[in-house]
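Here is the file my_file.cif (mmCIF, C-alpha atoms and all ligand atoms).
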```cif
data_start
#
loop_
_atom_site.label_atom_id
_atom_site.label_comp_id
_atom_site.auth_asym_id
_atom_site.auth_seq_id
_atom_site.Cartn_x
_atom_site.Cartn_y
_atom_site.Cartn_z
CA MET A 1 14.15 9.36 -46.71
CA GLN A 2 14.82 12.26 -44.35
CA TYR A 3 17.92 12.23 -42.23
CA VAL A 4 19.03 14.37 -39.26
CA CYS A 5 22.73 15.06 -39.07
CA PRO A 6 23.94 14.11 -35.57
CA HIS A 7 26.62 16.81 -35.68
CA CYS A 8 24.65 19.90 -36.67
CA GLU A 9 20.99 18.70 -36.57
CA GLY A 10 20.60 19.72 -40.17
CA ILE A 11 17.86 17.88 -42.05
CA PHE A 12 18.49 16.58 -45.55
CA GLU A 13 17.15 14.01 -47.98
CA VAL A 14 19.00 10.76 -48.51
CA ALA A 15 18.12 8.26 -51.21
CA GLU A 16 16.78 4.99 -49.82
CA GLU A 17 19.67 3.07 -51.34
CA ALA A 18 22.15 5.33 -49.54
CA ALA A 19 21.31 3.67 -46.23
CA GLU A 20 24.29 1.94 -44.64
CA GLN A 21 26.56 4.18 -46.70
CA GLU A 22 28.79 7.12 -45.93
CA VAL A 23 27.46 10.49 -47.02
CA THR A 24 28.64 14.05 -46.51
CA CYS A 25 26.29 16.37 -44.64
CA PRO A 26 25.41 19.24 -47.01
CA HIS A 27 25.14 21.62 -44.03
CA CYS A 28 28.33 21.04 -42.04
CA GLY A 29 30.40 18.90 -44.40
CA GLN A 30 30.86 16.10 -41.85
CA LEU A 31 31.22 12.61 -43.20
CA LEU A 32 28.56 10.39 -41.63
CA MET A 33 27.32 6.86 -41.74
CA VAL A 34 23.66 6.80 -42.68
CA SER A 35 21.86 3.89 -41.13
CA ARG A 36 18.19 3.10 -41.46
CA SER A 37 17.73 2.32 -37.77
CA GLU A 38 19.29 5.25 -35.92
CA GLU A 39 18.99 9.03 -36.11
CA SER A 40 16.31 8.96 -38.77
CA VAL A 41 13.46 11.40 -38.32
CA THR A 42 10.91 8.68 -37.60
CA GLU A 43 13.08 7.31 -34.78
CA THR A 44 13.37 10.72 -33.13
CA VAL A 45 9.61 11.27 -33.32
CA ARG A 46 8.93 7.83 -31.84
CA GLN A 47 11.31 8.55 -28.93
CA GLU A 48 9.53 11.85 -28.23
CA GLU A 49 6.17 10.05 -28.23
CA LEU A 50 7.53 7.50 -25.74
CA ASP A 51 8.85 10.30 -23.50
CA SER A 52 5.54 12.18 -23.42
CA ALA A 53 3.64 8.92 -22.78
CA ARG A 54 5.95 8.27 -19.82
CA ILE A 55 5.46 11.79 -18.44
CA GLN A 56 1.67 11.36 -18.75
CA GLN A 57 1.84 8.00 -17.01
CA VAL A 58 3.94 9.41 -14.13
CA SER A 59 1.59 12.34 -13.61
CA ARG A 60 -1.44 10.00 -13.73
CA LEU A 61 0.18 7.81 -11.07
CA ARG A 62 0.92 10.88 -8.92
CA THR A 63 -2.69 12.08 -9.17
CA ALA A 64 -3.94 8.59 -8.26
CA ALA A 65 -1.54 8.42 -5.29
CA MET A 66 -2.70 11.82 -4.01
CA ARG A 67 -6.35 10.75 -4.35
CA THR A 68 -5.69 7.47 -2.50
CA ARG A 69 -3.93 9.48 0.23
CA SER A 70 -6.96 11.74 0.76
CA TYR A 71 -9.26 8.69 0.90
CA CYS A 72 -6.95 7.14 3.51
CA LEU A 73 -7.00 10.33 5.60
CA ILE A 74 -10.83 10.59 5.38
CA ALA A 75 -11.19 6.91 6.40
CA CYS A 76 -8.69 7.43 9.22
CA GLY A 77 -10.57 10.46 10.57
CA THR A 78 -13.99 8.77 10.30
CA CYS A 79 -12.78 5.62 12.09
CA ALA A 80 -11.04 7.65 14.83
CA VAL A 81 -14.21 9.68 15.50
CA ALA A 82 -16.35 6.49 15.55
CA ALA A 83 -13.87 4.79 17.93
CA VAL A 84 -13.93 7.75 20.34
CA ASP A 85 -17.76 7.78 20.16
CA LEU A 86 -17.93 4.03 20.96
CA ILE A 87 -15.53 4.41 23.91
CA TRP A 88 -17.68 7.29 25.21
CA ARG A 89 -20.87 5.15 24.88
CA ALA A 90 -19.20 2.20 26.61
CA ALA A 91 -18.06 4.44 29.49
CA ARG A 92 -21.58 5.88 29.96
CA ARG A 93 -23.10 2.40 29.82
CA MET A 94 -20.64 1.13 32.44
CA VAL A 95 -21.51 4.08 34.74
CA THR A 96 -25.25 3.26 34.62
CA ASP A 97 -25.32 -0.58 34.21
CA GLY A 98 -21.86 -1.64 35.27
CA VAL A 99 -19.49 -3.82 33.21
CA GLY A 100 -21.56 -6.02 30.90
CA ARG A 101 -21.66 -7.53 27.45
CA VAL A 102 -22.76 -4.35 25.64
CA PRO A 103 -19.87 -2.07 26.78
CA ALA A 104 -17.43 -4.92 26.11
CA PHE A 105 -18.75 -5.18 22.56
CA TYR A 106 -18.48 -1.39 22.16
CA LEU A 107 -14.85 -1.43 23.32
CA LEU A 108 -14.01 -4.34 21.01
CA ALA A 109 -15.51 -2.47 18.04
CA ALA A 110 -13.66 0.70 19.13
CA ALA A 111 -10.36 -1.22 19.25
CA PHE A 112 -10.94 -2.56 15.72
CA LEU A 113 -11.81 0.94 14.42
CA ALA A 114 -8.71 2.40 16.10
CA TRP A 115 -6.54 -0.28 14.51
CA PHE A 116 -8.07 0.42 11.09
CA ALA A 117 -7.60 4.19 11.58
CA TRP A 118 -3.95 3.61 12.45
CA ARG A 119 -3.50 1.44 9.32
CA MET A 120 -5.02 4.18 7.13
CA TRP A 121 -2.84 6.82 8.80
CA SER A 122 0.42 4.94 8.16
CA ARG A 123 -0.70 4.21 4.58
CA ALA A 124 -1.31 7.95 3.97
CA LYS A 125 2.06 8.73 5.54
CA SER A 126 3.95 6.30 3.31
CA ILE A 127 2.19 7.67 0.20
CA ALA A 128 3.19 11.22 1.21
CA LEU A 129 6.79 10.06 1.70
CA GLU A 130 6.79 8.36 -1.70
CA LEU A 131 5.41 11.48 -3.41
CA ARG A 132 8.04 13.69 -1.74
CA ARG A 133 10.82 11.26 -2.67
CA THR A 134 9.94 11.31 -6.40
CA LEU A 135 9.62 15.11 -6.31
CA ALA A 136 12.95 15.75 -4.62
CA ALA A 137 15.06 13.35 -6.67
CA ASP A 138 18.04 15.63 -7.30
CA PRO A 139 20.22 14.94 -10.35
CA VAL A 140 23.51 13.35 -9.35
CA ASP A 141 25.59 14.46 -12.32
CA SER A 142 25.62 17.74 -14.16
CA PRO A 143 23.89 17.44 -17.53
CA ASP A 144 26.01 16.70 -20.59
CA PHE A 145 25.63 19.45 -23.21
CA SER A 146 28.63 18.41 -25.30
CA ASP A 147 26.60 16.88 -28.14
CA LEU A 148 24.26 19.87 -28.52
CA SER A 149 24.76 22.21 -31.45
CA ASP A 150 24.97 25.98 -30.95
CA GLY A 151 21.70 26.43 -32.88
CA SER A 152 23.29 27.98 -35.93
CA GLN A 153 22.04 25.08 -38.07
CA VAL A 154 18.47 25.68 -36.90
CA ALA A 155 18.77 29.28 -38.05
CA GLU A 156 20.19 28.10 -41.33
CA ASN A 157 17.28 25.67 -41.78
CA LEU A 158 14.88 28.56 -41.22
CA GLU A 159 16.79 30.55 -43.84
CA HIS A 160 16.22 27.71 -46.31
CA LEU A 161 12.49 27.67 -45.58
CA ARG A 162 12.06 31.25 -46.68
ZN ZN B 201 25.71 18.27 -40.43
#
```
Is it possible to give me this structure as structure tokens?
Amino acid sequence: MQYVCPHCEGIFEVAEEAAEQEVTCPHCGQLLMVSRSEESVTETVRQEELDSARIQQVSRLRTAAMRTRSYCLIACGTCAVAAVDLIWRAARRMVTDGVGRVPAFYLLAAAFLAWFAWRMWSRAKSIALELRRTLAADPVDSPDFSDLSDGSQVAENLEHLR
């Protein structure tokens, strides 16, 4: 099976029966414990697949949140315009016919539309806040580069390929 040296990232073949045994890395000479479960090539690839799936999921969620936010804003604007229109109708009706059942109904509907518009507006605002919060999440600690190699092994691997 293929094995990646954790010290120099050099790739080398290890016999299946060598698992759970100590071997010497042919690239850097470090003595290492080969285990089937960790640091094998398949494990690394699986981790990378998980990472990219997570990134895709996060970006899908962000797109969905932005779409929901625009729908909320459109609904908010439509309801606000309709509420203003109903209040205007009620006012005109009251000028001509006086206070009656029709203007009262108009004002009730306008109040409901205004409430709904306000709900949509606060929903859009909280989505915007959430999106900004995930964008501006600053790292707390400086990244740890101590276990990275200087890349010389990668160059050496390329040498071997030729
Ligand atoms: Zn090594």
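Considering the residues A:Gly77, A:Pro103, A:Gly151, A:Gly98 and counting all atoms listed in the file, ligand ZN 201 (chain B) has its shortest atom-to-atom contact with A:Gly151.
Take the candidates A:Asp141, A:Val154, A:Ala91, A:His160 and check each one against ligand ZN 201 (chain B) using only C-alpha atoms and all ligand atoms; the shortest distance goes to A:Val154.
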Within 8 Å of stretch 115-127 of chain A using all atoms listed in the file, minus same-chain residues under 4 positions, as a VMD selection string
chain A and resid 65 to 66 68 to 70 72 to 73 75 to 80 111 131
Grab me every residue within 8 Å of ligand ZN 201 (chain B), counting only C-alpha atoms and all ligand atoms, and send it over as a ChimeraX atom specification.
/A:4-10,24-30
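If you look at atom CA of A:Val102 and atom CA of A:Leu86, they are 10.7 Å away from each other.
Take atom CA of A:Glu48 and atom CA of A:Tyr3: the distance between them is 16.3 Å.
Across the model, the gap from atom CA of A:Ser149 to atom CA of A:Ala53 is 26.4 Å.
The smallest atom-to-atom distance between A:Ala110 and any of A:Asp97, A:Asp85, A:Glu130, A:Glu159, using all atoms listed in the file, is found for A:Asp85.
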